[in-house]
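Chemist: I'd like to ask some things about the structure below.
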Amino acid sequence: MIRTLFIIGNGFDLYLGIESSYSDFHRYMIKQWSDGVNLSNQLENFFPALDNNGDSLLWSDFESALGKMDKDGVLEYCKLGFNIGDYDNIYRYAYDIEDSPSSFLTPVLFELDECFHAWVNSLAIYGGDPTIPFFDRSALYFSFNYTETLENIYKVSENNICHIHGKRHSSEKYIYGHNSEKDAILGDNSADDNAFSKIEECYLGLSKDCYKQIQNNKCFFDRIKESKISRVVVYGCSLGEIDMPYFHEIKNNIPNTAEWHFSIYKKPEDVNSVLNLIKAIGLNKNLCHTFDFRK
C-alpha cells in the first residue's frame, strides 16, 4: 500500500486558475482597497528591494521583500515634518521622534495586514482537475495555502489536512513573513536610537516563526510519522529558504526510503530549486523525481 503525503503550495491554486499570486494581491490593493495606491507607494518605499526584472520584489516574492526593510529610510520618512526649530522644548521634540514609528509605520503595517486578509478572503475558489498525477483523497495533506481548495473542490476530509499558515473563514490569523534576523542598529542620538528600536520591533513583528508553527501542529507531524509515508508529492511549492524548516521536519518524520515527486513549471529555475532542496534537507537524489502536473 502506498502511503502518500502531499505538500501543497500556491502553484496548486494558480494551476486551477485561482488568482492567488502576489501580483494579484497588488492588483486587489490598487483596485479594490480604499486608498490602495497610497498604501502600495508607502510599502514600496519601506521595502524597496527589486526583483530580477527591476520591479518591486513585494509583488513577486512578498515574504522575502518583507525581510528587506529599509530601516534608515523608514526613520527618515517618520521624521519628515519634525523640525527641531519648531519646538521650544527639546524633550518634546525627542519624544515626537521616538514615537514617530508608532504614528507612521505601525498604521501602514496594520493596514497591510487588513488588506492581505481581505484579499485572501475574496479569492474565488473554483475549477478542479481530476487528472492531476498521484492524487489521492485519502492521503495526508500539508498545505501552505489559506484556501479551502482541497476541501471544496477535491472533497478531501479536513481531518487529513494541515493548513500550516492558517485557513480561510476561521478564527485563525494568517501567518506570513520573513525569516531574517534582528539587526544591531544605532541612530545619531538617543531619540533616533529609541525610534530605531520601535522600527526593529515592527520589523520583527513581520517575521514568521516556522518552529512555533511546527510545535503548534505537532499532532499532524506525529500523524505523518505514524503513517510511515512511502511517497511525498510536492505540488506548486516555491521551495524557498523561508519555509525550509517545514521540509526539514517532514523529512525527519518519514522513512529514508520514501520517494519524493516534485512538480515543476519553469525550467531551469524550478529544477534548480528542487536540487537545492534535495541538498539542503539531505534527500537521496535517486529517490527524487520531477513531473509537470499541467500535462
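The chains in the C-alpha cells are called A, B, ... from first to last as shown; in each chain the residues are counted from 1, and the ligands are counted from 1 in the order shown.
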If you take only C-alpha atoms and a cut-off of 12 Å, which residues of segment 38-132 of chain A touch segment 207-228 of chain A, and what are their nearest atom pairs and distances in Å to one decimal, in chain and number order, as CSV?
Modeler:
residue,atom,partner,partner_atom,distance
A:Glu63,CA,A:Ser207,CA,8.7
A:Ser64,CA,A:Ser207,CA,10.1
A:Ala65,CA,A:Ser207,CA,11.3
A:Leu66,CA,A:Ser207,CA,8.2
A:Gly67,CA,A:Ser207,CA,7.7
A:Lys68,CA,A:Ser207,CA,11.3
A:Met69,CA,A:Ser207,CA,11.6
Chemist: As an MDAnalysis selection string, list the residues of segment 183-247 of chain A assigned to helix (DSSP H, G or I) by DSSP on the backbone atoms of this structure.
Modeler: chainID A and resid 190:205 210:216 218:226 241:247
Chemist: Give me a file of those residues, with N, CA, C and O atoms, as a short mmCIF file (atom, residue, chain, number, x, y, z; two decimals), in the first residue's frame.
Modeler:
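Full text of result-v5.cif as output:
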data_model
loop_
_atom_site.label_atom_id
_atom_site.label_comp_id
_atom_site.auth_asym_id
_atom_site.auth_seq_id
_atom_site.Cartn_x
_atom_site.Cartn_y
_atom_site.Cartn_z
N SER A 190 20.04 59.59 20.99
CA SER A 190 19.19 58.68 21.76
C SER A 190 17.77 58.66 21.23
O SER A 190 17.11 57.61 21.26
N ALA A 191 17.25 59.78 20.72
CA ALA A 191 15.90 59.80 20.15
C ALA A 191 15.83 58.89 18.94
O ALA A 191 14.89 58.11 18.77
N ASP A 192 16.86 58.98 18.06
CA ASP A 192 16.90 58.10 16.90
C ASP A 192 17.05 56.65 17.32
O ASP A 192 16.44 55.75 16.72
N ASP A 193 17.86 56.39 18.34
CA ASP A 193 18.05 55.02 18.83
C ASP A 193 16.71 54.43 19.27
O ASP A 193 16.39 53.27 18.94
N ASN A 194 15.95 55.19 20.02
CA ASN A 194 14.66 54.70 20.50
C ASN A 194 13.67 54.51 19.35
O ASN A 194 12.87 53.57 19.36
N ALA A 195 13.74 55.41 18.36
CA ALA A 195 12.88 55.24 17.19
C ALA A 195 13.27 53.99 16.41
O ALA A 195 12.41 53.22 15.97
N PHE A 196 14.58 53.77 16.27
CA PHE A 196 15.05 52.57 15.59
C PHE A 196 14.57 51.31 16.32
O PHE A 196 14.23 50.31 15.68
N SER A 197 14.56 51.36 17.64
CA SER A 197 14.09 50.20 18.41
C SER A 197 12.64 49.87 18.07
O SER A 197 12.26 48.71 17.96
N LYS A 198 11.83 50.91 17.90
CA LYS A 198 10.42 50.68 17.55
C LYS A 198 10.29 50.17 16.12
O LYS A 198 9.42 49.33 15.83
N ILE A 199 11.14 50.68 15.23
CA ILE A 199 11.14 50.18 13.86
C ILE A 199 11.54 48.71 13.84
O ILE A 199 10.93 47.89 13.14
N GLU A 200 12.56 48.37 14.64
CA GLU A 200 13.01 46.98 14.72
C GLU A 200 11.91 46.08 15.28
O GLU A 200 11.72 44.94 14.84
N GLU A 201 11.17 46.60 16.24
CA GLU A 201 10.05 45.84 16.81
C GLU A 201 8.99 45.55 15.74
O GLU A 201 8.46 44.43 15.66
N CYS A 202 8.69 46.55 14.92
CA CYS A 202 7.74 46.35 13.82
C CYS A 202 8.27 45.33 12.82
O CYS A 202 7.54 44.47 12.33
N TYR A 203 9.57 45.44 12.54
CA TYR A 203 10.21 44.53 11.60
C TYR A 203 10.13 43.09 12.08
O TYR A 203 9.79 42.17 11.33
N LEU A 204 10.43 42.88 13.36
CA LEU A 204 10.36 41.53 13.92
C LEU A 204 8.93 41.02 13.96
O LEU A 204 8.69 39.81 13.88
N GLY A 205 7.97 41.95 14.07
CA GLY A 205 6.57 41.56 14.03
C GLY A 205 6.14 41.02 12.68
O GLY A 205 5.10 40.37 12.56
N CYS A 210 8.55 29.68 11.93
CA CYS A 210 8.19 28.34 11.43
C CYS A 210 8.25 27.30 12.55
O CYS A 210 7.42 26.38 12.59
N TYR A 211 9.21 27.45 13.44
CA TYR A 211 9.37 26.45 14.50
C TYR A 211 8.19 26.49 15.48
O TYR A 211 7.77 25.45 15.99
N LYS A 212 7.65 27.67 15.69
CA LYS A 212 6.45 27.77 16.53
C LYS A 212 5.27 27.10 15.85
O LYS A 212 4.47 26.40 16.50
N GLN A 213 5.14 27.29 14.53
CA GLN A 213 4.05 26.66 13.79
C GLN A 213 4.20 25.14 13.79
O GLN A 213 3.20 24.40 13.86
N ILE A 214 5.43 24.66 13.72
CA ILE A 214 5.67 23.21 13.79
C ILE A 214 5.22 22.67 15.13
O ILE A 214 4.54 21.64 15.22
N GLN A 215 5.56 23.39 16.20
CA GLN A 215 5.17 22.95 17.53
C GLN A 215 3.65 23.00 17.71
O GLN A 215 3.05 22.10 18.30
N ASN A 216 3.03 24.05 17.16
CA ASN A 216 1.57 24.19 17.28
C ASN A 216 0.83 23.09 16.53
O ASN A 216 -0.34 22.81 16.83
N LYS A 218 2.07 19.91 16.09
CA LYS A 218 2.83 18.69 16.40
C LYS A 218 1.99 17.43 16.16
O LYS A 218 2.52 16.40 15.69
N CYS A 219 0.70 17.50 16.44
CA CYS A 219 -0.15 16.32 16.25
C CYS A 219 -0.16 15.86 14.79
O CYS A 219 -0.18 14.66 14.52
N PHE A 220 -0.13 16.82 13.86
CA PHE A 220 -0.13 16.43 12.45
C PHE A 220 1.21 15.82 12.07
O PHE A 220 1.24 14.82 11.33
N PHE A 221 2.29 16.37 12.55
CA PHE A 221 3.60 15.79 12.25
C PHE A 221 3.73 14.40 12.87
O PHE A 221 4.37 13.51 12.29
N ASP A 222 3.09 14.20 14.02
CA ASP A 222 3.06 12.86 14.62
C ASP A 222 2.29 11.89 13.72
O ASP A 222 2.68 10.72 13.58
N ARG A 223 1.21 12.37 13.10
CA ARG A 223 0.45 11.53 12.17
C ARG A 223 1.29 11.16 10.97
O ARG A 223 1.22 10.02 10.47
N ILE A 224 2.08 12.12 10.48
CA ILE A 224 2.97 11.82 9.36
C ILE A 224 3.91 10.68 9.74
O ILE A 224 4.11 9.73 8.98
N LYS A 225 4.48 10.77 10.92
CA LYS A 225 5.43 9.75 11.37
C LYS A 225 4.75 8.40 11.54
O LYS A 225 5.27 7.36 11.12
N GLU A 226 3.59 8.41 12.14
CA GLU A 226 2.87 7.16 12.40
C GLU A 226 2.38 6.51 11.10
O GLU A 226 2.21 5.28 11.05
N GLU A 241 13.86 29.40 0.90
CA GLU A 241 14.55 29.25 2.18
C GLU A 241 13.64 29.51 3.37
O GLU A 241 13.78 28.89 4.43
N ILE A 242 12.69 30.43 3.22
CA ILE A 242 11.84 30.82 4.34
C ILE A 242 11.08 29.63 4.92
O ILE A 242 10.93 29.50 6.14
N ASP A 243 10.62 28.72 4.05
CA ASP A 243 9.82 27.58 4.52
C ASP A 243 10.64 26.30 4.68
O ASP A 243 10.06 25.23 4.88
N MET A 244 11.95 26.40 4.61
CA MET A 244 12.79 25.22 4.70
C MET A 244 12.63 24.43 6.00
O MET A 244 12.70 23.20 6.00
N PRO A 245 12.40 25.10 7.16
CA PRO A 245 12.21 24.32 8.40
C PRO A 245 11.09 23.30 8.31
O PRO A 245 11.18 22.21 8.90
N TYR A 246 10.03 23.60 7.56
CA TYR A 246 8.94 22.64 7.42
C TYR A 246 9.39 21.39 6.67
O TYR A 246 9.03 20.26 7.04
N PHE A 247 10.17 21.59 5.62
CA PHE A 247 10.65 20.44 4.85
C PHE A 247 11.62 19.60 5.67
O PHE A 247 11.63 18.37 5.57
#
Chemist: Could you give me, as a list in words, the residues within 9 Å of His163 of chain A, counting only C-alpha atoms and dropping anything in the same chain fewer than 2 positions from it?
Modeler: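 Counting only C-alpha atoms, the residues come to Tyr141, Phe142, Ser143, Phe144, Asn145, Tyr146, Thr147, Ile161, His165, Gly166 and Lys167 of chain A.
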Chemist: Emit the selected residues as an mmCIF file, in the first residue's frame, including N, CA, C and O atoms.
Modeler:
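The new file result-v3.cif reads:
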data_model
loop_
_atom_site.group_PDB
_atom_site.id
_atom_site.type_symbol
_atom_site.label_atom_id
_atom_site.label_comp_id
_atom_site.auth_asym_id
_atom_site.auth_seq_id
_atom_site.Cartn_x
_atom_site.Cartn_y
_atom_site.Cartn_z
ATOM 1 N N TYR A 141 -2.377 15.736 3.793
ATOM 2 C CA TYR A 141 -2.090 16.958 3.039
ATOM 3 C C TYR A 141 -1.507 18.023 3.959
ATOM 4 O O TYR A 141 -2.128 18.395 4.970
ATOM 5 N N PHE A 142 -0.335 18.496 3.600
ATOM 6 C CA PHE A 142 0.316 19.600 4.305
ATOM 7 C C PHE A 142 0.261 20.796 3.368
ATOM 8 O O PHE A 142 0.906 20.803 2.323
ATOM 9 N N SER A 143 -0.548 21.799 3.720
ATOM 10 C CA SER A 143 -0.818 22.888 2.786
ATOM 11 C C SER A 143 -0.277 24.217 3.297
ATOM 12 O O SER A 143 -0.512 24.605 4.448
ATOM 13 N N PHE A 144 0.427 24.927 2.412
ATOM 14 C CA PHE A 144 0.863 26.287 2.702
ATOM 15 C C PHE A 144 -0.236 27.299 2.373
ATOM 16 O O PHE A 144 -0.087 28.484 2.675
ATOM 17 N N ASN A 145 -1.323 26.842 1.758
ATOM 18 C CA ASN A 145 -2.365 27.748 1.277
ATOM 19 C C ASN A 145 -3.422 28.004 2.339
ATOM 20 O O ASN A 145 -3.731 27.127 3.155
ATOM 21 N N TYR A 146 -4.000 29.198 2.295
ATOM 22 C CA TYR A 146 -5.088 29.552 3.216
ATOM 23 C C TYR A 146 -6.436 29.091 2.670
ATOM 24 O O TYR A 146 -7.414 29.026 3.411
ATOM 25 N N THR A 147 -6.484 28.785 1.400
ATOM 26 C CA THR A 147 -7.745 28.478 0.738
ATOM 27 C C THR A 147 -8.209 27.051 1.026
ATOM 28 O O THR A 147 -7.409 26.164 1.304
ATOM 29 N N ILE A 161 -5.934 17.325 6.562
ATOM 30 C CA ILE A 161 -5.229 18.498 6.037
ATOM 31 C C ILE A 161 -4.674 19.341 7.174
ATOM 32 O O ILE A 161 -5.373 19.619 8.156
ATOM 33 N N HIS A 165 -0.311 27.641 7.791
ATOM 34 C CA HIS A 165 -0.293 29.097 7.958
ATOM 35 C C HIS A 165 -1.685 29.688 8.162
ATOM 36 O O HIS A 165 -1.881 30.893 8.028
ATOM 37 N N GLY A 166 -2.637 28.835 8.526
ATOM 38 C CA GLY A 166 -3.991 29.305 8.762
ATOM 39 C C GLY A 166 -4.920 28.969 7.606
ATOM 40 O O GLY A 166 -4.478 28.660 6.501
ATOM 41 N N LYS A 167 -6.216 29.046 7.884
ATOM 42 C CA LYS A 167 -7.228 28.671 6.903
ATOM 43 C C LYS A 167 -8.294 29.752 6.819
ATOM 44 O O LYS A 167 -8.675 30.356 7.827
#
Chemist: I want to know what sits within 8 Å of segment 5-22 of chain A, based on only C-alpha atoms, with residues of the same chain fewer than 4 positions away left out; could you give that as a count of residues only?
Modeler: 33
Chemist: At a cut-off of 12 Å, using only C-alpha atoms, what residues contact segment 93-109 of chain A? Leave out same-chain residues fewer than 3 positions from it and give the result as number ranges by chain.
Modeler: A: 35-36, 38-47, 66, 69-90, 112-116, 177, 187, 189-206
Chemist: Which residues, written as an MDAnalysis selection string, have at least one atom at most 9 Å from Thr257 of chain A, with only C-alpha atoms counted and residues fewer than 6 positions away on the same chain left out?
Modeler: chainID A and resid 230:231 284 287
Chemist: To one decimal place, how far is atom CA of Glu249 of chain A from atom CA of Phe291 of chain A in Å?
Modeler: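 Atom-to-atom, atom CA of Glu249 of chain A to atom CA of Phe291 of chain A, that is 23.4 Å.
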Chemist: Could you go through segment 117-186 of chain A and tell me which residues DSSP, when run on the backbone, assigns to strand (DSSP E or B), listing them as a list of chain:residue names?
Modeler: A:Leu140, A:Tyr141, A:Phe142, A:Ser143, A:Ile161, A:Cys162, A:His163, A:His178
Chemist: What separation in Å, quoted to one decimal, exists between atom CA of Ser23 of chain A and atom CA of Tyr176 of chain A?
Modeler: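 Atom CA of Ser23 of chain A sits 16.0 Å away from atom CA of Tyr176 of chain A.
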Chemist: Identify which of the residues A:Arg27, A:His169, A:Arg92, A:Arg137 lies closest to Val156 of chain A, counting only C-alpha atoms when measuring atom-to-atom distances.
Modeler: A:Arg137
